[in-house]
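To keep things clear, I will list the structure first and then write my remarks on it.
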Amino acid sequence: MNRYMKMALELAKMTDGQTGKNPPVGAVIVKDGSIIGMGAHLGYGQPHAERQALASCSEDPAGADIYVTLEPCSHHGKTPPCTDAIIEAGIRYVYYAEQDLNPKVSGHDVLKAAGVNVEHMPNDAAQELYRAFFSHLMRKRPNVTLKCAMSVDGRLALDDGTSKWITGEAARADVHNARHVHEAILVGGHTLLNDDPRLTTRIEGGGRSPRPVVLLGKGKLRQDLAIFSHPRRPVIYTTNKDNLEFEDRCDIKIGDWSLQAVLDDLYGMKLTSLFVEGGASVLTSFIKEKLYDQIFIYVAPKIFGESRHALYREKIFSMEEAVQLRLVDVEKLGPDLKITYGKA
């Protein structure tokens, strides 16, 4: 990968999770072999990466090249088109890593028509960065990430249900970073009522806590649950009308909700990414219905032996029926491994 594009990608990754409805974008401006400006999109409604980079230039950017992770926008939204700024600045060459699938965007054609040289430089890292963003645009549902921690022999808990602190501190910190970049977090009723999780993000500087979503089923909420102190209003899907007594503290959705209906409802709330931290039953449901985009598996160097708590509880009778995944990344986090899979 071109080193300037690699730098632009690192800038984009740094702002992942803080740009709201917009994707994270990084940009680097180079003139005569020297970097003269760089920028990233820092938040929804703020100037895009290209404009941030142009504003930071140490000299006149006329005749310079810009490396940007996503095709420059060409339409008016919360901010004016980046193509206008690039053309006005006299940029000589635009290199971008990922094509914008939004039908409102035609930056490549607009720049080319204005006499600017434009080149699409696709790479795997950029594709992975924007996979979630384009997934929700194309599928009209939140991008869904499943998360679980397990032993080397694939168990989510001991047979008696004990599961606290399977992994070490580095892996648990990574989970909080993942919460930070998702807009909502989902657990099942068993996890809520038995573990009483806070479902907040706890990282240096605070971080953004995703909105809690609970598949409560016929369960009954309690007054002392930690999610009632959450900074964002919880959403509860339940068949139990007794939970309406808590509607002043959370959004109560009464009905026999399917997973697809839940995702449609969350998408209608403009929640475009969902982090699923449910137990085996919830994870199995998402996998069985193919309503996921990626899976984070944190593997601890422990062996639990015989246990009924597995990632996927459905019986598979042949290799042809096996759930196929796509390996994306493997990372060492202290004593543990983080394996990222995409849906094949």
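So you can find residues: chains in the structure tokens are A, B, ... in the order shown, residues in each start at 1, and ligands are numbered from 1 in order.
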Among segment 98-194 of chain A, which ones does DSSP place in helix (DSSP H, G or I), written as a VMD selection string? chain A and resid 107 to 113 124 to 139 169 to 180 189 to 194
Find the residues near segment 229-231 of chain A: any atom within 10 Å, counting only C-alpha atoms, skip ones fewer than 6 places away on the same chain, and give them as a JSON list (two decimals) with all heavy atoms, in the first residue's frame.
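Okay, this is what ended up in selection-v7.json:
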```json
[["chain", "number", "residue", "atom", "x", "y", "z"],
["A", 198, "ARG", "N", -23.65, -3.20, 33.07],
["A", 198, "ARG", "CA", -23.83, -1.75, 32.90],
["A", 198, "ARG", "C", -23.97, -1.37, 31.43],
["A", 198, "ARG", "O", -24.60, -0.37, 31.09],
["A", 198, "ARG", "CB", -22.67, -0.99, 33.54],
["A", 198, "ARG", "CG", -22.70, -0.99, 35.05],
["A", 198, "ARG", "CD", -21.61, -0.11, 35.62],
["A", 198, "ARG", "NE", -20.30, -0.76, 35.58],
["A", 198, "ARG", "CZ", -19.15, -0.15, 35.88],
["A", 198, "ARG", "NH1", -19.15, 1.14, 36.18],
["A", 198, "ARG", "NH2", -18.00, -0.82, 35.85],
["A", 199, "LEU", "N", -23.30, -2.12, 30.55],
["A", 199, "LEU", "CA", -23.34, -1.90, 29.11],
["A", 199, "LEU", "C", -22.84, -0.52, 28.70],
["A", 199, "LEU", "O", -23.27, 0.06, 27.70],
["A", 199, "LEU", "CB", -24.76, -2.13, 28.57],
["A", 199, "LEU", "CG", -25.36, -3.52, 28.83],
["A", 199, "LEU", "CD1", -26.75, -3.61, 28.23],
["A", 199, "LEU", "CD2", -24.47, -4.63, 28.28],
["A", 200, "THR", "N", -21.92, 0.01, 29.49],
["A", 200, "THR", "CA", -21.30, 1.31, 29.18],
["A", 200, "THR", "C", -19.91, 1.09, 28.59],
["A", 200, "THR", "O", -19.36, -0.01, 28.64],
["A", 200, "THR", "CB", -21.20, 2.17, 30.44],
["A", 200, "THR", "OG1", -20.52, 1.42, 31.46],
["A", 200, "THR", "CG2", -22.56, 2.59, 30.95],
["A", 208, "ARG", "N", -17.73, 6.80, 24.02],
["A", 208, "ARG", "CA", -19.17, 6.88, 23.82],
["A", 208, "ARG", "C", -19.81, 5.55, 24.19],
["A", 208, "ARG", "O", -19.39, 4.50, 23.73],
["A", 208, "ARG", "CB", -19.48, 7.20, 22.34],
["A", 208, "ARG", "CG", -20.96, 7.31, 22.04],
["A", 208, "ARG", "CD", -21.21, 7.44, 20.55],
["A", 208, "ARG", "NE", -20.89, 6.21, 19.84],
["A", 208, "ARG", "CZ", -21.20, 5.99, 18.57],
["A", 208, "ARG", "NH1", -21.82, 6.92, 17.88],
["A", 208, "ARG", "NH2", -20.87, 4.85, 17.98],
["A", 209, "SER", "N", -20.84, 5.60, 25.01],
["A", 209, "SER", "CA", -21.54, 4.38, 25.39],
["A", 209, "SER", "C", -22.67, 4.12, 24.39],
["A", 209, "SER", "O", -23.48, 5.01, 24.12],
["A", 209, "SER", "CB", -22.12, 4.49, 26.80],
["A", 209, "SER", "OG", -21.09, 4.49, 27.77],
["A", 210, "PRO", "N", -22.75, 2.91, 23.84],
["A", 210, "PRO", "CA", -23.82, 2.59, 22.90],
["A", 210, "PRO", "C", -25.16, 2.47, 23.59],
["A", 210, "PRO", "O", -25.24, 2.21, 24.80],
["A", 210, "PRO", "CB", -23.37, 1.25, 22.31],
["A", 210, "PRO", "CG", -22.55, 0.63, 23.39],
["A", 210, "PRO", "CD", -21.86, 1.76, 24.08],
["A", 211, "ARG", "N", -26.23, 2.67, 22.85],
["A", 211, "ARG", "CA", -27.57, 2.60, 23.43],
["A", 211, "ARG", "C", -27.92, 1.15, 23.77],
["A", 211, "ARG", "O", -27.82, 0.26, 22.92],
["A", 211, "ARG", "CB", -28.60, 3.16, 22.45],
["A", 211, "ARG", "CG", -29.99, 3.30, 23.07],
["A", 211, "ARG", "CD", -30.93, 4.05, 22.16],
["A", 211, "ARG", "NE", -32.23, 4.23, 22.80],
["A", 211, "ARG", "CZ", -33.27, 4.84, 22.24],
["A", 211, "ARG", "NH1", -33.14, 5.33, 21.00],
["A", 211, "ARG", "NH2", -34.41, 4.94, 22.89],
["A", 212, "PRO", "N", -28.35, 0.86, 25.00],
["A", 212, "PRO", "CA", -28.66, -0.53, 25.39],
["A", 212, "PRO", "C", -29.94, -1.03, 24.72],
["A", 212, "PRO", "O", -30.95, -0.33, 24.69],
["A", 212, "PRO", "CB", -28.84, -0.44, 26.90],
["A", 212, "PRO", "CG", -28.31, 0.88, 27.31],
["A", 212, "PRO", "CD", -28.47, 1.77, 26.13],
["A", 249, "ARG", "N", -38.64, 5.10, 32.19],
["A", 249, "ARG", "CA", -37.19, 4.96, 32.31],
["A", 249, "ARG", "C", -36.55, 4.34, 31.07],
["A", 249, "ARG", "O", -35.33, 4.36, 30.94],
["A", 249, "ARG", "CB", -36.86, 4.11, 33.54],
["A", 249, "ARG", "CG", -37.50, 4.64, 34.82],
["A", 249, "ARG", "CD", -37.24, 3.74, 36.02],
["A", 249, "ARG", "NE", -35.87, 3.82, 36.48],
["A", 249, "ARG", "CZ", -35.39, 3.13, 37.51],
["A", 249, "ARG", "NH1", -36.21, 2.31, 38.18],
["A", 249, "ARG", "NH2", -34.14, 3.24, 37.88]]
```
Which of segment 201-298 of chain A fall in strand (DSSP E), as a ChimeraX atom specification: /A:211-217,235-238,251-254,273-276,294-298
Residues within 12 Å of Ala113 of chain A, only C-alpha atoms, excluding chain neighbours under 5 positions, as a list in words: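 Contacts, in chain order: Thr83, Ile87, Ser106, Gly107, His108 and Val118 of chain A.
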For segment 215-218 of chain A: contacts at 8 Å, only C-alpha atoms, fewer than 3 positions along chain excluded, given as a VMD selection string: chain A and resid 186 to 190 236 to 240 256
Could you take the residues named above and write them with C-alpha atoms, as a PDB file, in the first residue's frame?
```pdb
ATOM      1  CA  LEU A 186     -27.688  -5.836  22.591  1.00  0.00           C
ATOM      2  CA  VAL A 187     -28.036  -8.534  25.245  1.00  0.00           C
ATOM      3  CA  GLY A 188     -30.689 -11.119  26.042  1.00  0.00           C
ATOM      4  CA  GLY A 189     -32.967 -11.214  29.047  1.00  0.00           C
ATOM      5  CA  HIS A 190     -30.930 -13.919  30.785  1.00  0.00           C
ATOM      6  CA  ILE A 236     -36.601  -3.215  25.759  1.00  0.00           C
ATOM      7  CA  TYR A 237     -38.320  -5.750  23.478  1.00  0.00           C
ATOM      8  CA  THR A 238     -40.689  -7.899  25.530  1.00  0.00           C
ATOM      9  CA  THR A 239     -43.899  -9.906  25.465  1.00  0.00           C
ATOM     10  CA  ASN A 240     -44.595  -9.078  29.114  1.00  0.00           C
ATOM     11  CA  ASP A 256     -43.498 -11.043  19.783  1.00  0.00           C
TER      12      ASP A 256
END
```
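With atom CA of Glu128 of chain A on one side and atom CA of Leu333 of chain A on the other, the separation reads 20.2 Å.
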Taking only C-alpha atoms into account, which of A:Ser285, A:Val175, A:His309, A:Val328 comes nearest Gln127 of chain A?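 Counting only C-alpha atoms, the residue closest to Gln127 of chain A is A:Val328.
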